[in-house]
file work_21.pdb (PDB, C-alpha atoms and all ligand atoms)
ATOM      1  CA  MET A  24    -246.287-107.636-148.747
ATOM      2  CA  GLU A  25    -248.941-108.381-146.161
ATOM      3  CA  THR A  26    -250.798-111.060-148.031
ATOM      4  CA  GLU A  27    -250.570-114.689-147.104
ATOM      5  CA  GLU A  28    -249.555-115.376-150.678
ATOM      6  CA  GLN A  29    -246.087-113.976-150.219
ATOM      7  CA  SER A  30    -244.684-117.300-149.099
ATOM      8  CA  VAL A  31    -245.898-119.154-152.185
ATOM      9  CA  SER A  32    -242.942-121.171-153.360
ATOM     10  CA  ASP A  33    -241.500-121.343-156.851
ATOM     11  CA  LYS A  34    -242.763-124.914-157.038
ATOM     12  CA  VAL A  35    -246.299-123.870-156.241
ATOM     13  CA  MET A  36    -246.137-121.100-158.833
ATOM     14  CA  ALA A  37    -244.836-123.615-161.370
ATOM     15  CA  ALA A  38    -247.505-126.136-160.379
ATOM     16  CA  ILE A  39    -250.217-123.523-160.938
ATOM     17  CA  ASP A  40    -248.695-122.803-164.340
ATOM     18  CA  LEU A  41    -248.597-126.525-165.115
ATOM     19  CA  ILE A  42    -252.219-127.039-164.061
ATOM     20  CA  GLY A  43    -253.162-124.128-166.307
ATOM     21  CA  ARG A  44    -251.327-125.806-169.169
ATOM     22  CA  THR A  45    -253.511-128.904-168.718
ATOM     23  CA  GLY A  46    -256.451-126.738-169.756
ATOM     24  CA  ALA A  47    -257.941-126.001-166.342
ATOM     25  CA  LYS A  48    -260.453-123.165-166.461
ATOM     26  CA  TRP A  49    -260.155-122.483-162.760
ATOM     27  CA  MET A  50    -258.363-123.736-159.691
ATOM     28  CA  GLN A  51    -258.749-123.313-156.014
ATOM     29  CA  ILE A  52    -256.873-124.097-152.819
ATOM     30  CA  ARG A  53    -258.709-124.599-149.553
ATOM     31  CA  PHE A  54    -258.170-126.282-146.242
ATOM     32  CA  SER A  55    -260.182-128.162-143.684
ATOM     33  CA  GLU A  56    -259.313-127.501-140.076
ATOM     34  CA  ASP A  57    -262.299-129.142-138.441
ATOM     35  CA  GLU A  58    -260.055-131.883-137.179
ATOM     36  CA  GLU A  59    -256.337-132.407-136.779
ATOM     37  CA  PRO A  60    -254.401-132.612-138.923
ATOM     38  CA  VAL A  61    -255.364-129.662-141.109
ATOM     39  CA  VAL A  62    -255.773-130.962-144.656
ATOM     40  CA  TRP A  63    -255.237-128.845-147.755
ATOM     41  CA  ILE A  64    -257.132-129.489-150.946
ATOM     42  CA  ALA A  65    -256.346-128.185-154.420
ATOM     43  CA  VAL A  66    -259.115-128.326-157.030
ATOM     44  CA  ALA A  67    -258.984-127.761-160.764
ATOM     45  CA  GLY A  68    -262.039-127.551-163.022
ATOM     46  CA  TYR A  69    -262.245-127.946-166.763
ATOM     47  CA  THR A  70    -265.474-126.134-167.451
ATOM     48  CA  GLU A  71    -266.620-122.736-166.262
ATOM     49  CA  ARG A  72    -267.007-122.522-162.509
ATOM     50  CA  GLY A  73    -270.516-123.405-161.389
ATOM     51  CA  VAL A  74    -271.051-125.754-164.316
ATOM     52  CA  ASP A  75    -270.926-129.502-163.755
ATOM     53  CA  GLY A  76    -267.949-130.860-165.583
ATOM     54  CA  PRO A  77    -264.623-132.584-165.210
ATOM     55  CA  MET A  78    -262.764-131.696-162.035
ATOM     56  CA  GLN A  79    -259.732-133.088-160.288
ATOM     57  CA  VAL A  80    -258.552-132.782-156.697
ATOM     58  CA  GLY A  81    -255.366-133.317-154.770
ATOM     59  CA  ALA A  82    -254.923-133.252-151.018
ATOM     60  CA  GLY A  83    -251.965-132.826-148.726
ATOM     61  CA  LEU A  84    -250.876-131.662-145.306
ATOM     62  CA  ASP A  85    -249.820-128.286-146.701
ATOM     63  CA  ALA A  86    -250.694-126.226-149.746
ATOM     64  CA  GLU A  87    -247.637-127.289-151.720
ATOM     65  CA  SER A  88    -248.345-130.990-151.129
ATOM     66  CA  ALA A  89    -251.936-130.477-152.245
ATOM     67  CA  TYR A  90    -250.802-128.853-155.473
ATOM     68  CA  MET A  91    -248.265-131.642-156.064
ATOM     69  CA  ALA A  92    -250.952-134.276-155.488
ATOM     70  CA  LEU A  93    -253.219-132.463-157.937
ATOM     71  CA  CYS A  94    -250.438-132.375-160.538
ATOM     72  CA  GLY A  95    -249.895-136.098-160.048
ATOM     73  CA  ALA A  96    -253.604-136.816-160.390
ATOM     74  CA  LEU A  97    -253.762-134.786-163.585
ATOM     75  CA  ILE A  98    -250.593-136.006-165.244
ATOM     76  CA  ASP A  99    -250.004-139.599-164.141
ATOM     77  CA  GLY A 100    -251.267-142.026-166.746
ATOM     78  CA  GLY A 101    -252.010-139.401-169.370
ATOM     79  CA  GLN A 102    -250.495-139.182-172.816
ATOM     80  CA  CYS A 103    -247.869-136.644-173.816
ATOM     81  CA  LYS A 104    -249.076-134.434-176.655
ATOM     82  CA  HIS A 105    -245.515-134.148-177.893
ATOM     83  CA  CYS A 106    -243.962-137.618-177.777
ATOM     84  CA  GLY A 107    -247.098-139.743-177.366
ATOM     85  CA  HIS A 108    -245.735-141.644-174.371
ATOM     86  CA  ARG A 109    -247.560-142.224-171.132
ATOM     87  CA  THR A 110    -247.044-139.329-168.740
ATOM     88  CA  ALA A 111    -245.960-139.296-165.123
ATOM     89  CA  PHE A 112    -245.521-136.457-162.679
ATOM     90  CA  ALA A 113    -242.136-137.012-161.066
ATOM     91  CA  ASP A 114    -241.507-134.553-158.297
ATOM     92  CA  GLY A 115    -239.993-136.855-155.724
ATOM     93  CA  PRO A 116    -237.123-139.334-155.430
ATOM     94  CA  GLU A 117    -238.239-141.041-158.644
ATOM     95  CA  ARG A 118    -236.923-138.046-160.539
ATOM     96  CA  GLY A 119    -234.315-139.106-163.051
ATOM     97  CA  LEU A 120    -235.097-142.799-162.792
ATOM     98  CA  SER A 121    -235.405-144.606-166.058
ATOM     99  CA  LEU A 122    -239.037-145.460-166.477
ATOM    100  CA  GLY A 123    -238.891-146.799-169.993
ATOM    101  CA  ASN A 124    -241.216-145.169-172.449
ATOM    102  CA  VAL A 125    -242.666-142.777-169.945
ATOM    103  CA  CYS A 126    -242.621-139.028-170.421
ATOM    104  CA  ARG A 127    -241.859-137.520-167.020
ATOM    105  CA  THR A 128    -242.930-134.054-165.982
ATOM    106  CA  GLU A 129    -240.073-132.934-163.765
ATOM    107  CA  TRP A 130    -239.095-129.894-161.777
ATOM    108  CA  ASP A 131    -236.424-127.835-163.523
ATOM    109  CA  PRO A 132    -234.701-125.788-160.815
ATOM    110  CA  GLU A 133    -233.014-123.506-163.341
ATOM    111  CA  LYS A 134    -236.130-122.560-165.253
ATOM    112  CA  LYS A 135    -238.240-122.834-162.106
ATOM    113  CA  LYS A 136    -240.791-124.707-164.167
ATOM    114  CA  TYR A 137    -242.081-128.202-164.668
ATOM    115  CA  THR A 138    -240.883-129.526-168.002
ATOM    116  CA  GLN A 139    -241.410-132.767-169.888
ATOM    117  CA  SER A 140    -238.514-135.192-170.053
ATOM    118  CA  CYS A 141    -239.054-135.485-173.825
ATOM    119  CA  GLY A 142    -238.323-131.773-174.108
ATOM    120  CA  GLY A 143    -241.626-131.386-175.914
ATOM    121  CA  ARG A 144    -242.257-127.897-174.646
ATOM    122  CA  GLU A 145    -238.877-126.482-175.547
ATOM    123  CA  GLY A 146    -239.754-125.190-178.988
ATOM    124  CA  LYS A 147    -243.005-123.709-177.868
ATOM    125  CA  GLU A 148    -241.891-122.039-174.697
ATOM    126  CA  LYS A 149    -241.308-118.626-176.209
ATOM    127  CA  ALA A 150    -244.972-117.702-176.186
ATOM    128  CA  GLY A 151    -245.136-118.301-172.443
TER     129      GLY A 151
HETATM  130 ZN    ZN A 201    -243.321-136.189-173.951
END
call {"tool": "encode", "arguments": {"input": "work_21.pdb", "output": "structure tokens"}}
result
Amino acid sequence: METEEQSVSDKVMAAIDLIGRTGAKWMQIRFSEDEEPVVWIAVAGYTERGVDGPMQVGAGLDAESAYMALCGALIDGGQCKHCGHRTAFADGPERGLSLGNVCRTEWDPEKKKYTQSCGGREGKEKAG
């Protein structure tokens, strides 16, 4: 219980799971403290580490914000594999808003997971 990881929140754990579900081969969290404010950066890569390939980054003023920004960068404007609608990562006040034919990835406090508003994952969740 002495690691710095012990304070990782459920949301961060779920975000890491979600990023993994996008097909990321690796991810990383780092921070830059050269200047104030300290900035956190989350990185996900889609080929083996050390190989040039698709990567995505998200930044924030704490680790959780960086992961949320990365999730937004990965999910916003994509296409849901299940319902075919445009995807949006909705972690903030926009949660629950009607966005038309948009499939929202939202925080589910009961499951402690991010789930798609179309329910697309429901039938396939058992394996996870
Ligand atoms: Zn969907």
call {"tool": "atom_distance", "arguments": {"input": "work_21.pdb", "atom1": "CA of Leu93 (chain A)", "atom2": "CA of Asp75 (chain A)"}}
result
18.9 Å
call {"tool": "residues_near_point", "arguments": {"input": "work_21.pdb", "point": "(-251.0, -129.5, -150.6)", "cutoff": "12 Å", "atoms": "all atoms listed in the file", "output": "number ranges by chain"}}
result
A: 31-32, 34-35, 38-39, 51-55, 61-66, 80-95
call {"tool": "resolve_selection", "arguments": {"input": "work_21.pdb", "expression": "the PyMOL selection byres (((chain A and resi 42) around 10) and not hetatm)", "output": "mmCIF file with C-alpha atoms, keeping the file's coordinate frame"}}
result
data_model
loop_
_atom_site.group_PDB
_atom_site.id
_atom_site.type_symbol
_atom_site.label_atom_id
_atom_site.label_comp_id
_atom_site.auth_asym_id
_atom_site.auth_seq_id
_atom_site.Cartn_x
_atom_site.Cartn_y
_atom_site.Cartn_z
ATOM 1 C CA MET A 36 -246.137 -121.100 -158.833
ATOM 2 C CA ALA A 37 -244.836 -123.615 -161.370
ATOM 3 C CA ALA A 38 -247.505 -126.136 -160.379
ATOM 4 C CA ILE A 39 -250.217 -123.523 -160.938
ATOM 5 C CA ASP A 40 -248.695 -122.803 -164.340
ATOM 6 C CA LEU A 41 -248.597 -126.525 -165.115
ATOM 7 C CA GLY A 43 -253.162 -124.128 -166.307
ATOM 8 C CA ARG A 44 -251.327 -125.806 -169.169
ATOM 9 C CA THR A 45 -253.511 -128.904 -168.718
ATOM 10 C CA GLY A 46 -256.451 -126.738 -169.756
ATOM 11 C CA ALA A 47 -257.941 -126.001 -166.342
ATOM 12 C CA LYS A 48 -260.453 -123.165 -166.461
ATOM 13 C CA TRP A 49 -260.155 -122.483 -162.760
ATOM 14 C CA MET A 50 -258.363 -123.736 -159.691
ATOM 15 C CA VAL A 66 -259.115 -128.326 -157.030
ATOM 16 C CA ALA A 67 -258.984 -127.761 -160.764
ATOM 17 C CA GLY A 68 -262.039 -127.551 -163.022
ATOM 18 C CA TYR A 90 -250.802 -128.853 -155.473
ATOM 19 C CA LEU A 93 -253.219 -132.463 -157.937
ATOM 20 C CA CYS A 94 -250.438 -132.375 -160.538
ATOM 21 C CA LEU A 97 -253.762 -134.786 -163.585
ATOM 22 C CA ILE A 98 -250.593 -136.006 -165.244
#
call {"tool": "residues_near_ligand", "arguments": {"input": "work_21.pdb", "ligand": "ligand ZN 201 (chain A)", "cutoff": "8 Å", "atoms": "only C-alpha atoms and all ligand atoms", "output": "NGL selection string"}}
result
:A and (102-110 or 125-127 or 139-143)
call {"tool": "atom_distance", "arguments": {"input": "work_21.pdb", "atom1": "CA of Glu129 (chain A)", "atom2": "CA of Thr70 (chain A)"}}
result
26.6 Å
call {"tool": "atom_distance", "arguments": {"input": "work_21.pdb", "atom1": "CA of Gln79 (chain A)", "atom2": "CA of Gly101 (chain A)"}}
result
13.5 Å
call {"tool": "closest_residue", "arguments": {"input": "work_21.pdb", "among": "A:Asp114, A:Asp99, A:Glu58, A:Glu71", "to": "Lys136 (chain A)", "atoms": "all atoms listed in the file"}}
result
A:Asp114
call {"tool": "axis_aligned_box", "arguments": {"input": "work_21.pdb", "around": "region 32-36 of chain A", "padding_each_side": "4 Å", "output": "JSON"}}
result
{"center_x": -243.9, "center_y": -123.0, "center_z": -156.1, "size_x": 12.8, "size_y": 11.8, "size_z": 13.5}
